[in-house]
Amino acid sequence: MNETNELPKTYDPSGIEDKWYKTWEESKSFKPVANKDKGTYTILMPPPNVTGRLHMGHALDHTVQDVIIRFKRMQGFETLWVPGQDHAGIATQAKVEEKIFKEEGKTKHDLGREEFLKRVWDWKEEYGGHILEQFKKLGNSCDWDYFTFTMDEGPSKAVKKFFVDMYNEGLIYQDNYIINWDPKLQSAISDAEVDHKEVAGKFYHIHYKVKDSNAVLEVATTRPETLFGDTAVAVNPNDDRFEHLIGKKAIIPICNREVTIVADEHVDMEKGTGCLKVTPGHDFNDYEIGKRHKLEIINLINSDGTYNDNAKPVEGLNSKAARKKTVELLEEAGQLVKVEDHTQQVGHSQRSGEIVEPMVSKQWFLNTQKMAEISVKEVENEKMSFFPKGWENTYYSYQKNPRPWCISRQLWWGHQIPVYECSSCSHQWASEQDADSCPKCESKEVKQDQDVLDTWFSSGLFPLSTLGWPDEQAMQEKGFDKFYPTDTLVTAFDIIFFWVARMMMMSNKVTNKSPFEHVYIHAIVRDKDGVKMSKSLGNVIDPLDIIQQYGCDALRFTLAVSSGYNRNINLDTEKIEGYRNFINKIWNAFRFISPNLENANDKGFEIADLHHHEKWILSELNDVTKKVTHSLEEYRFDDACNQIYAFVYDKFCSWFIELSKGILSSENENLKTQRANVFKYCFKHIMKLIHPITPFISEEIWTYLKTEDESLLISQEYPMYKEEFCFNDDVYNMEKFIEIITSVRNLRNSVNVKPKEEIDIRLFTDDEVLARYLFKSRGYLKELANVKAGKIKDKSVERPEKSIMRATAHTEIFVPLEGIIDIENYVQKLGNDLKKAEKEFEKVEKKLKNPKFIENAPDNVIAEVKEKASGFEEQVKSIQNSLTMFES
RNA sequence: GGGCGUUUAGCUCAGCUGGGAGAGCGCUACCCUUACAAGGUAGAUGUCGGCGGUUCGAUCCCGUCAACGCCCACCA
């Protein structure tokens with residue numbers, strides 16, 4: 001053959017992908033182009049941790065964002081996709097600590113704060129960039145010039161500014177309060193960082209003696225070791241059993257301390273023994289009870305989780321050992337009544353996995369009461385919306401009952417709290433600038449608070465800080481006013497509280513505007529059996545492996561086609577392979593039209609000259625364009641992909657290309673040119689439609705299609721629906737034509753006539769318009785079904801004998817057959833057809849005979865049903881006639 | 001304890017405001033037909049979780065039961 005051979009038979013993405021990414025970057029295609037008439041469109045990328053590695057979750061998250069941003073860019077928006085990275089306080093510090101200890105046997109304390117931080121920065125410089133390079137393999141069209149690290153100067157300024165403002169407003173304050181303490185990290189963590197896991201534990205029933213009384217209180221607890229910190233015993237005020245004891249003293253076993261018996265509504269009479277030991281220092285509820293009754297707080301636990309000398313008998317032991325020891329002591333004292341099995345919910349640190357110790361400690365808090373109210377209202381008033389909408393419940397549940405957010409962490413890696421204290425006069429103040437003297441007494445003895453801020457404090461400000469806030473000049477340079485608020489945030493449900501809510505609260509506080517209009521919550525990627533991917537299970541699918549094996553476009557298409565409003569994606573490599581095949585199909589469709597492109601001229605085509613097949617495919621293309629655009633705007637990537645897939649595969653390849661082979665191999669230069677023009681037009685259009693999803697192959701093919709004036713596909717205009725390309729009659733006729741061809745093929749198949757064998761057919765229809773159309777199309781019938789030109793007659797004419805037939809609602813197709821055919825098989829098949837048609841007919845008949853249906857149903861529905869009924873009736877009659885011929 | 005979600009073809013899932021059950025993969029038969037065997041043609045498969053209700057009509061709305069999954073909640 002000829003030119004086709006220049007293009008490889010299968011599409012090979014390797015090489016092509018890197019080439020195009022580089023080209024896009026060099027041509028600055030990812031940068032916003034000013035003065036677009038549609039305005040701006042901004043997406044903020046959820047910043048990955050510096051310690052992160054690319055996984056399928058990123059691949060999905062970024063595919064979705066890149067699809068949106070490429071789509072909007074082509075639609076004519078001034079688009080900006082802002083990439084960033086998070087310093088991830090705890091995770092990073094832990095990683096570097098471990099590395100240093102492994103390699104040098106040193107702890108961070110051995111190095112000192114300054115040296116240790118230097119090491120973390122070194123580590124960040126060396127490894128932090130890895131994941132960003134991996135992102136590029138996904139085709140992300142983000143503007144790397146906007147790249148922001150949460151510890152950069154900009155975000156640091158933002159953090160300080162926000163902190164100082166909140167401090168001065170009194171919303172940030174320092175308090176002794178019960179917090180979650182992670183004894184492994186030796187830091188406070190926020191409520192959100194605690195996971196409650198079910199643990200098989202024990203219920204210990206302990207006797208507390210009552211002073212000056214013979215009464216004994218039976219107290220039930222899961223944590224007997226905390227009895228050293230008890231400062232009360234509580235009962236319900238309405239509980240008759242204990243009423244007479246309220247106000248008396250109970251004696252704590254082992255340490256024999258006296259505490260008051262108090263009445264508190266919190267105590268559940270049904271639960272346990274109805275009698276509660278109160279340890280305000282180490283239990284959230286007890287802390288509240290303690291506050292109500294002004295109880296003393298006794299701290300029992302050191303920062304490493306061991307017990308201190310307030311619990312002398314168990315001093316130096318950790319919780320587990322202390323519990324064992326305490327139980328032994330209770331037994332010895334004869335005050336342990338019984339031990340029951342009990343399943344309980346125990347808080348574990350999300351980061352370290354360690355059991356969290358509730359502990360009273362001096363920490364910094366942000367009062368989020370008012371901010372949470374506003375961010376709830378913003379969603380209620382649809383200033384910000386979730387897609388799918390259901391996720392707003394999750395968002396509300398987090399925000400409607402906000403507790404003060406503990407923002408201080410006893411770590412080194414992070415934003416150090418910008419609060420200073422004077423050792424001379426004890427004055428405390430917050431400052432955006434480093435302070436070296438006290439503003440009150442001018443003493444030089446000032447010290448900055450040693451703690452750092454929760455990582456989410458800086459990422460919560462990311463929509464602002466990535467665009468330059470609070471630095472006026474930076475804001476101008478980065479176009480804060482243009483790009484803020486951003487448009488859509490794309491993320492997974494698990495950080496709705498951590499991140500989405502915090503951004504909402506903080507950004508609204510600063511700007512009185514929500515930081516984004518839409519939040520699209522995508523699914524979680526699991527393995528093919530629906531199990532979460534994890535290293536230990538060995539079921540991880542690495543995006544980079546997939547890209548290497550199947551190409552990035554195949555991966556992107558698979559992820560996009562799996563993304564709608566669903567919660568899970570069960571990723572199967574077979575599925576990716578399937579869509580890889582689709583990518584290859586596109587490649588081959590292009591290979592087919594490629595040699596004909598020379599015939600295309602630059603003038604294109606006139607609508608008046610179009611062949612009915614051309615009108616049909618243009619009309620279908622027009623239709624799919626409308627649907628795809630709509631689906632993308634609704635974040636229905638699944639629908640958008642399926643629309644494109646069905647059009648390319650079932651309409652364009654299976655029919656339009658097949659129907660065009662005759663013309664393209666003919667000598668008719670006019671027709672050939674015309675068809676080549678239409679092919680070129682369609683293919684360019686398809687490449688534009690699919691580009692946001694599969695950017696690489698589309699950009700590659702585009703180079704063969706574009707005119708000299710046209711630039712890269714990435715910056716072309718997205719196709720739009722055009723009224724003048726809507727040809728309903730041609731679509732209608734084509735549908736019938738396809739039905740007839742399919743029926744003929746079905747008939748051949750039913751009697752095992754080989755594809756190569758030419759057969760004769762007769763068509764009978766009473767639809768005159770269709771008859772004319774079929775006559776016009778007889779050549780195509782011949783080509784596509786390998787039939788001799790058949791005759792088209794109306795149904796009054798005698799049917800041929802010795803024929804097999806198939807009936808549609810509008811046309812009977814007869815194939816006269818000489819010789820031996822598989823009659824039995826055929827008759828059975830015909831019988832099945834009859835049964836089906838009869839069943840359908842009965843169904844609609846029944847409806848039409850129901851007077852209530854006629855009375856109540858809308859006219860258009862009745863008309864539809866009537867039309868169907870007559871169609872099925874025709875079909876039934878035709879098949880019955882034919883069957884009687886065979887039976888006789 | 002509270003809340004949310006899921007249940008549709010062998011598998012994974014789509015079905016918008018109620019009006020003849022869909023896709024991909026897999027499966028079966030035939031075919032190396034001049035873009036593609038990573039292909040072509042044709043085909044089979046569903047009490048739409050159970051029960052009850054509303055309606056002329058329910059996969060869709062209401063009630064109820066069941067199974068599975070997830071999230072939140074202070075470790076009596």
# chains A, B, ... in the order shown; residues from 1 in each chain; ligands from 1

$ closest_atom_pairs --of "chain B" --to "chain A" --cutoff "8 Å" --atoms "only C-alpha atoms (C1' of nucleotides)" --output "tab-separated table"
residue	atom	partner	partner_atom	distance
B:C4	C1'	A:Asn393	CA	7.9
B:U12	C1'	A:Asn570	CA	7.1
B:G19	C1'	A:Val861	CA	6.4
B:G20	C1'	A:Glu840	CA	7.7
B:A23	C1'	A:Asn642	CA	7.9
B:G24	C1'	A:Lys575	CA	7.9
B:C25	C1'	A:Lys575	CA	6.5
B:C30	C1'	A:Asn749	CA	7.5
B:C31	C1'	A:Pro755	CA	7.3
B:A35	C1'	A:Phe592	CA	4.1
B:C36	C1'	A:Asn588	CA	5.2
B:A38	C1'	A:Asn581	CA	4.6
B:U41	C1'	A:Arg745	CA	7.3
B:A42	C1'	A:Asn746	CA	5.6
B:C56	C1'	A:Phe853	CA	3.9
B:G57	C1'	A:Phe853	CA	7.6
B:C71	C1'	A:Thr394	CA	7.7
B:C72	C1'	A:Ser397	CA	7.4
B:C74	C1'	A:Asn285	CA	5.1
B:C75	C1'	A:Val346	CA	5.0
B:A76	C1'	A:Thr221	CA	5.0

$ write_last_selection --atoms "N, CA, C and O atoms (P, O5', C5', C4', C3', O3' and C1' of nucleotides)" --output "compact mmCIF listing (two decimals), in the first residue's frame"
# COMPACT_ATOMS: atom_id res chain seq x y z
P C B 4 -29.56 10.66 57.54
O5' C B 4 -28.39 10.31 56.52
C5' C B 4 -27.62 11.34 55.93
C4' C B 4 -26.41 10.75 55.25
C3' C B 4 -26.70 9.73 54.16
O3' C B 4 -27.12 10.35 52.96
C1' C B 4 -24.95 8.93 55.51
P U B 12 -18.70 -6.71 41.42
O5' U B 12 -18.30 -5.45 40.53
C5' U B 12 -16.98 -4.93 40.59
C4' U B 12 -16.86 -3.73 39.70
C3' U B 12 -17.90 -2.63 39.94
O3' U B 12 -17.55 -1.82 41.05
C1' U B 12 -17.72 -3.04 37.63
P G B 19 -40.06 7.75 33.36
O5' G B 19 -41.33 7.12 32.68
C5' G B 19 -41.35 5.70 32.43
C4' G B 19 -42.37 5.36 31.38
C3' G B 19 -42.02 5.90 30.01
O3' G B 19 -41.63 4.82 29.16
C1' G B 19 -44.29 6.42 30.63
P G B 20 -41.90 3.50 28.81
O5' G B 20 -40.35 3.09 28.60
C5' G B 20 -39.91 1.82 29.05
C4' G B 20 -40.66 0.72 28.36
C3' G B 20 -39.82 -0.47 27.88
O3' G B 20 -39.96 -1.52 28.80
C1' G B 20 -41.10 0.38 26.09
P A B 23 -26.29 -1.68 25.81
O5' A B 23 -25.01 -0.93 26.41
C5' A B 23 -24.70 0.39 25.98
C4' A B 23 -23.50 0.89 26.74
C3' A B 23 -22.33 -0.08 26.78
O3' A B 23 -21.55 0.03 25.61
C1' A B 23 -22.75 0.74 28.96
P G B 24 -20.71 -1.20 25.10
O5' G B 24 -19.50 -1.23 26.14
C5' G B 24 -18.52 -0.20 26.14
C4' G B 24 -17.57 -0.44 27.29
C3' G B 24 -16.99 -1.84 27.36
O3' G B 24 -15.86 -1.97 26.52
C1' G B 24 -17.82 -1.25 29.48
P C B 25 -15.59 -3.30 25.76
O5' C B 25 -15.16 -4.28 26.94
C5' C B 25 -13.93 -4.07 27.65
C4' C B 25 -13.89 -4.93 28.89
C3' C B 25 -14.07 -6.42 28.66
O3' C B 25 -12.86 -7.04 28.25
C1' C B 25 -15.44 -5.75 30.45
P C B 30 -17.68 -21.47 15.31
O5' C B 30 -17.72 -20.39 14.14
C5' C B 30 -18.61 -20.57 13.04
C4' C B 30 -18.72 -19.28 12.28
C3' C B 30 -17.43 -18.70 11.75
O3' C B 30 -17.00 -19.35 10.57
C1' C B 30 -18.68 -16.98 12.74
P C B 31 -15.43 -19.43 10.27
O5' C B 31 -15.05 -17.91 9.97
C5' C B 31 -15.43 -17.33 8.73
C4' C B 31 -15.12 -15.86 8.72
C3' C B 31 -13.65 -15.48 8.70
O3' C B 31 -13.10 -15.62 7.41
C1' C B 31 -14.80 -14.08 10.21
P A B 35 -8.49 -0.45 4.87
O5' A B 35 -7.94 0.26 6.19
C5' A B 35 -6.63 0.79 6.24
C4' A B 35 -6.30 1.07 7.70
C3' A B 35 -6.46 -0.14 8.62
O3' A B 35 -5.28 -0.91 8.63
C1' A B 35 -7.59 1.74 9.53
P C B 36 -5.33 -2.48 8.92
O5' C B 36 -5.63 -2.56 10.47
C5' C B 36 -4.62 -2.17 11.41
C4' C B 36 -5.25 -2.00 12.76
C3' C B 36 -5.90 -3.26 13.34
O3' C B 36 -4.94 -4.05 14.01
C1' C B 36 -7.34 -1.39 13.61
P A B 38 -4.09 -8.12 19.34
O5' A B 38 -4.90 -6.88 19.95
C5' A B 38 -5.87 -7.07 21.05
C4' A B 38 -6.56 -5.74 21.22
C3' A B 38 -6.88 -5.13 19.86
O3' A B 38 -8.24 -4.97 19.49
C1' A B 38 -5.27 -3.77 21.07
P U B 41 -18.48 -4.24 13.52
O5' U B 41 -19.30 -5.52 13.08
C5' U B 41 -19.70 -5.68 11.73
C4' U B 41 -20.37 -7.01 11.57
C3' U B 41 -21.45 -7.31 12.59
O3' U B 41 -22.67 -6.67 12.28
C1' U B 41 -20.06 -9.19 12.37
P A B 42 -23.62 -6.21 13.46
O5' A B 42 -24.17 -7.60 13.99
C5' A B 42 -25.14 -8.31 13.25
C4' A B 42 -25.27 -9.71 13.76
C3' A B 42 -25.84 -9.84 15.17
O3' A B 42 -27.25 -9.71 15.19
C1' A B 42 -23.98 -11.26 14.94
P C B 56 -55.15 6.64 39.39
O5' C B 56 -54.65 5.56 38.32
C5' C B 56 -55.57 4.56 37.87
C4' C B 56 -55.01 3.89 36.64
C3' C B 56 -53.57 3.43 36.76
O3' C B 56 -53.50 2.15 37.37
C1' C B 56 -53.83 4.62 34.74
P G B 57 -52.41 1.89 38.47
O5' G B 57 -51.06 1.99 37.63
C5' G B 57 -50.73 0.93 36.73
C4' G B 57 -49.51 1.30 35.93
C3' G B 57 -48.26 1.60 36.76
O3' G B 57 -47.59 0.40 37.10
C1' G B 57 -48.55 3.26 35.10
P C B 71 -14.56 5.39 57.60
O5' C B 71 -15.38 6.67 58.05
C5' C B 71 -15.28 7.88 57.30
C4' C B 71 -16.34 8.85 57.76
C3' C B 71 -16.30 9.22 59.23
O3' C B 71 -15.32 10.21 59.47
C1' C B 71 -18.53 8.73 58.64
P C B 72 -14.59 10.21 60.90
O5' C B 72 -15.72 10.81 61.84
C5' C B 72 -16.13 12.16 61.70
C4' C B 72 -17.36 12.42 62.52
C3' C B 72 -17.21 12.23 64.02
O3' C B 72 -16.61 13.36 64.61
C1' C B 72 -19.19 11.17 63.31
P C B 74 -15.87 13.35 70.87
O5' C B 74 -15.62 12.14 71.85
C5' C B 74 -14.38 12.07 72.49
C4' C B 74 -14.59 11.62 73.91
C3' C B 74 -15.34 10.31 74.00
O3' C B 74 -14.39 9.29 74.03
C1' C B 74 -16.24 11.92 75.52
P C B 75 -14.42 8.11 73.19
O5' C B 75 -14.08 7.09 74.33
C5' C B 75 -14.95 6.34 75.06
C4' C B 75 -14.08 5.39 75.86
C3' C B 75 -14.13 5.70 77.33
O3' C B 75 -14.77 4.61 77.95
C1' C B 75 -11.98 5.05 76.61
P A B 76 -16.31 4.47 77.95
O5' A B 76 -16.49 4.77 79.50
C5' A B 76 -15.45 4.45 80.39
C4' A B 76 -16.13 4.03 81.66
C3' A B 76 -17.29 3.08 81.40
O3' A B 76 -16.89 1.75 81.56
C1' A B 76 -17.95 4.91 82.82

$ residues_around --residues "Ala88 (chain A)" --least-positions-apart "4" --cutoff "7 Å" --atoms "only C-alpha atoms (C1' of nucleotides)" --output "list in words"
Asn49, Val50, Thr92 and Thr455 of chain A

$ closest_residue --among "B:C61, B:A14, B:A73, B:A21" --to "G46 (chain B)" --atoms "only C-alpha atoms (C1' of nucleotides)"
B:A21

$ closest_residue --among "B:U7, B:U28, B:U45, B:U34" --to "G69 (chain B)" --atoms "only C-alpha atoms (C1' of nucleotides)"
B:U7

$ closest_residue --among "B:G10, B:G5, B:G43, B:G52" --to "G26 (chain B)" --atoms "only C-alpha atoms (C1' of nucleotides)"
B:G10

$ atom_distance --atom1 "CA of Gly247 (chain A)" --atom2 "CA of Ile301 (chain A)"
28.7 Å

$ atom_distance --atom1 "CA of Thr279 (chain A)" --atom2 "CA of Leu185 (chain A)"
23.7 Å

$ residues_around --residues "Lys626 (chain A)" --least-positions-apart "6" --cutoff "9 Å" --atoms "only C-alpha atoms (C1' of nucleotides)" --output "list in words"
Pro719, Met720, Tyr721 and Lys722 of chain A

$ select_by_dssp --residues "region 564-783 of chain A" --states "strand (DSSP E or B)" --output "number ranges by chain"
A: 568-570, 759-765

$ select_by_dssp --residues "region 561-673 of chain A" --states "alpha helix (DSSP H)" --output "JSON, numbers by chain"
{"A": [561, 573, 574, 575, 576, 577, 578, 579, 580, 581, 582, 583, 584, 585, 586, 587, 588, 589, 590, 591, 592, 593, 612, 613, 614, 615, 616, 617, 618, 619, 620, 621, 622, 623, 624, 625, 626, 627, 628, 629, 630, 631, 632, 633, 637, 638, 639, 640, 641, 642, 643, 644, 645, 646, 658, 659, 660, 661, 662, 663, 664, 665, 669, 670, 671, 672, 673]}

$ residues_around --residues "Ala560 (chain A)" --least-positions-apart "3" --cutoff "9 Å" --atoms "only C-alpha atoms (C1' of nucleotides)" --output "mmCIF file with all heavy atoms, in the first residue's frame"
data_model
loop_
_atom_site.group_PDB
_atom_site.id
_atom_site.type_symbol
_atom_site.label_atom_id
_atom_site.label_comp_id
_atom_site.auth_asym_id
_atom_site.auth_seq_id
_atom_site.Cartn_x
_atom_site.Cartn_y
_atom_site.Cartn_z
ATOM 1 N N LEU A 60 -6.164 10.295 39.935
ATOM 2 C CA LEU A 60 -7.581 10.615 39.735
ATOM 3 C C LEU A 60 -7.836 12.102 39.989
ATOM 4 O O LEU A 60 -8.443 12.796 39.174
ATOM 5 C CB LEU A 60 -8.445 9.766 40.670
ATOM 6 C CG LEU A 60 -9.923 10.162 40.730
ATOM 7 C CD1 LEU A 60 -10.594 9.935 39.385
ATOM 8 C CD2 LEU A 60 -10.655 9.384 41.816
ATOM 9 N N THR A 63 -6.253 14.115 37.227
ATOM 10 C CA THR A 63 -6.915 13.940 35.932
ATOM 11 C C THR A 63 -8.164 14.801 35.880
ATOM 12 O O THR A 63 -8.397 15.536 34.919
ATOM 13 C CB THR A 63 -7.295 12.456 35.720
ATOM 14 O OG1 THR A 63 -6.093 11.699 35.619
ATOM 15 C CG2 THR A 63 -8.096 12.278 34.447
ATOM 16 N N VAL A 64 -8.950 14.720 36.933
ATOM 17 C CA VAL A 64 -10.186 15.497 36.977
ATOM 18 C C VAL A 64 -9.889 16.992 36.859
ATOM 19 O O VAL A 64 -10.497 17.710 36.062
ATOM 20 C CB VAL A 64 -10.948 15.195 38.282
ATOM 21 C CG1 VAL A 64 -12.023 16.234 38.524
ATOM 22 C CG2 VAL A 64 -11.557 13.801 38.222
ATOM 23 N N VAL A 67 -8.677 17.823 33.354
ATOM 24 C CA VAL A 67 -9.780 17.802 32.390
ATOM 25 C C VAL A 67 -10.547 19.118 32.475
ATOM 26 O O VAL A 67 -10.818 19.775 31.468
ATOM 27 C CB VAL A 67 -10.732 16.613 32.640
ATOM 28 C CG1 VAL A 67 -11.998 16.750 31.800
ATOM 29 C CG2 VAL A 67 -10.050 15.290 32.323
ATOM 30 N N LEU A 555 -4.862 5.758 30.915
ATOM 31 C CA LEU A 555 -5.108 5.880 32.354
ATOM 32 C C LEU A 555 -6.085 7.009 32.633
ATOM 33 O O LEU A 555 -7.056 6.853 33.376
ATOM 34 C CB LEU A 555 -3.790 6.133 33.094
ATOM 35 C CG LEU A 555 -3.935 6.429 34.587
ATOM 36 C CD1 LEU A 555 -4.507 5.223 35.319
ATOM 37 C CD2 LEU A 555 -2.607 6.835 35.195
ATOM 38 N N ARG A 556 -5.836 8.138 32.015
ATOM 39 C CA ARG A 556 -6.712 9.294 32.232
ATOM 40 C C ARG A 556 -8.130 8.993 31.787
ATOM 41 O O ARG A 556 -9.098 9.329 32.485
ATOM 42 C CB ARG A 556 -6.174 10.514 31.474
ATOM 43 C CG ARG A 556 -4.919 11.116 32.071
ATOM 44 C CD ARG A 556 -4.352 12.218 31.173
ATOM 45 N NE ARG A 556 -5.317 13.296 30.979
ATOM 46 C CZ ARG A 556 -5.114 14.569 31.363
ATOM 47 N NH1 ARG A 556 -3.979 14.920 31.948
ATOM 48 N NH2 ARG A 556 -6.030 15.481 31.134
ATOM 49 N N PHE A 557 -8.271 8.387 30.632
ATOM 50 C CA PHE A 557 -9.622 8.090 30.146
ATOM 51 C C PHE A 557 -10.330 7.141 31.113
ATOM 52 O O PHE A 557 -11.497 7.324 31.456
ATOM 53 C CB PHE A 557 -9.582 7.487 28.739
ATOM 54 C CG PHE A 557 -10.917 7.545 28.040
ATOM 55 C CD1 PHE A 557 -11.219 8.602 27.188
ATOM 56 C CD2 PHE A 557 -11.884 6.574 28.264
ATOM 57 C CE1 PHE A 557 -12.468 8.678 26.560
ATOM 58 C CE2 PHE A 557 -13.131 6.648 27.646
ATOM 59 C CZ PHE A 557 -13.421 7.696 26.790
ATOM 60 N N SER A 563 -15.474 8.346 36.785
ATOM 61 C CA SER A 563 -15.778 9.413 37.729
ATOM 62 C C SER A 563 -17.057 10.162 37.412
ATOM 63 O O SER A 563 -17.154 10.842 36.399
ATOM 64 C CB SER A 563 -14.649 10.453 37.722
ATOM 65 O OG SER A 563 -13.513 9.915 38.295
ATOM 66 N N GLY A 564 -18.007 9.990 38.309
ATOM 67 C CA GLY A 564 -19.226 10.779 38.215
ATOM 68 C C GLY A 564 -19.538 11.254 39.612
ATOM 69 O O GLY A 564 -18.721 11.928 40.225
ATOM 70 N N ARG A 636 -19.800 15.442 35.329
ATOM 71 C CA ARG A 636 -20.136 14.056 34.988
ATOM 72 C C ARG A 636 -19.141 13.587 33.926
ATOM 73 O O ARG A 636 -19.453 13.487 32.739
ATOM 74 C CB ARG A 636 -21.584 13.971 34.473
ATOM 75 C CG ARG A 636 -22.628 14.178 35.562
ATOM 76 C CD ARG A 636 -22.474 13.241 36.735
ATOM 77 N NE ARG A 636 -22.482 11.843 36.378
ATOM 78 C CZ ARG A 636 -23.500 11.027 36.652
ATOM 79 N NH1 ARG A 636 -24.572 11.459 37.275
ATOM 80 N NH2 ARG A 636 -23.427 9.763 36.319
ATOM 81 N N PHE A 637 -17.931 13.289 34.395
ATOM 82 C CA PHE A 637 -16.885 12.869 33.479
ATOM 83 C C PHE A 637 -17.210 11.516 32.859
ATOM 84 O O PHE A 637 -16.822 11.220 31.744
ATOM 85 C CB PHE A 637 -15.533 12.843 34.193
ATOM 86 C CG PHE A 637 -15.251 14.150 34.884
ATOM 87 C CD1 PHE A 637 -15.505 14.304 36.236
ATOM 88 C CD2 PHE A 637 -14.804 15.235 34.157
ATOM 89 C CE1 PHE A 637 -15.290 15.527 36.857
ATOM 90 C CE2 PHE A 637 -14.589 16.461 34.770
ATOM 91 C CZ PHE A 637 -14.841 16.607 36.129
ATOM 92 N N ASP A 638 -17.940 10.692 33.632
ATOM 93 C CA ASP A 638 -18.345 9.386 33.108
ATOM 94 C C ASP A 638 -19.235 9.555 31.879
ATOM 95 O O ASP A 638 -19.001 8.954 30.838
ATOM 96 C CB ASP A 638 -19.048 8.558 34.193
ATOM 97 C CG ASP A 638 -20.149 9.315 34.920
ATOM 98 O OD1 ASP A 638 -20.256 10.548 34.748
ATOM 99 O OD2 ASP A 638 -20.914 8.681 35.663
ATOM 100 N N ALA A 640 -19.524 12.208 29.947
ATOM 101 C CA ALA A 640 -18.783 12.859 28.864
ATOM 102 C C ALA A 640 -17.950 11.828 28.100
ATOM 103 O O ALA A 640 -17.980 11.776 26.872
ATOM 104 C CB ALA A 640 -17.885 13.954 29.419
ATOM 105 N N CYS A 641 -17.244 10.984 28.840
ATOM 106 C CA CYS A 641 -16.391 9.979 28.190
ATOM 107 C C CYS A 641 -17.222 8.967 27.410
ATOM 108 O O CYS A 641 -16.868 8.592 26.291
ATOM 109 C CB CYS A 641 -15.548 9.241 29.229
ATOM 110 S SG CYS A 641 -14.281 10.272 29.969
ATOM 111 N N ILE A 693 -9.479 15.184 27.982
ATOM 112 C CA ILE A 693 -9.380 13.876 28.619
ATOM 113 C C ILE A 693 -8.102 13.146 28.198
ATOM 114 O O ILE A 693 -7.392 12.606 29.028
ATOM 115 C CB ILE A 693 -10.627 13.033 28.286
ATOM 116 C CG1 ILE A 693 -11.872 13.776 28.765
ATOM 117 C CG2 ILE A 693 -10.540 11.659 28.943
ATOM 118 C CD1 ILE A 693 -13.133 13.378 28.065
#

$ atom_distance --atom1 "CA of Cys441 (chain A)" --atom2 "CA of Phe162 (chain A)"
26.0 Å

$ closest_residue --among "A:Asn832, A:Ser190, A:Asn180, A:Gln134" --to "Val876 (chain A)" --atoms "only C-alpha atoms"
A:Asn832

$ closest_residue --among "B:C27, B:A44, B:A37, B:C60" --to "G15 (chain B)" --atoms "only C-alpha atoms (C1' of nucleotides)"
B:C60

$ residues_around --residues "Asp240 (chain A)" --least-positions-apart "5" --cutoff "12 Å" --atoms "only C-alpha atoms (C1' of nucleotides)" --output "list in words"
Val235, Leu245, Ile246, Ala263, Met269 and Gly274 of chain A

$ residues_around --residues "Asn308 (chain A)" --least-positions-apart "6" --cutoff "10 Å" --atoms "only C-alpha atoms (C1' of nucleotides)" --output "mmCIF file with C-alpha atoms, in the first residue's frame"
data_model
loop_
_atom_site.group_PDB
_atom_site.id
_atom_site.type_symbol
_atom_site.label_atom_id
_atom_site.label_comp_id
_atom_site.auth_asym_id
_atom_site.auth_seq_id
_atom_site.Cartn_x
_atom_site.Cartn_y
_atom_site.Cartn_z
ATOM 1 C CA ASN A 299 -1.990 15.592 86.054
ATOM 2 C CA LEU A 300 -0.708 12.038 86.168
ATOM 3 C CA ILE A 301 1.098 11.632 82.910
ATOM 4 C CA ASN A 302 4.451 12.797 81.586
ATOM 5 C CA VAL A 314 2.715 3.283 89.321
ATOM 6 C CA GLU A 315 5.281 5.986 88.715
ATOM 7 C CA GLY A 316 7.413 5.471 85.635
ATOM 8 C CA LEU A 317 5.056 2.961 84.058
ATOM 9 C CA ASN A 318 3.148 3.502 80.842
#
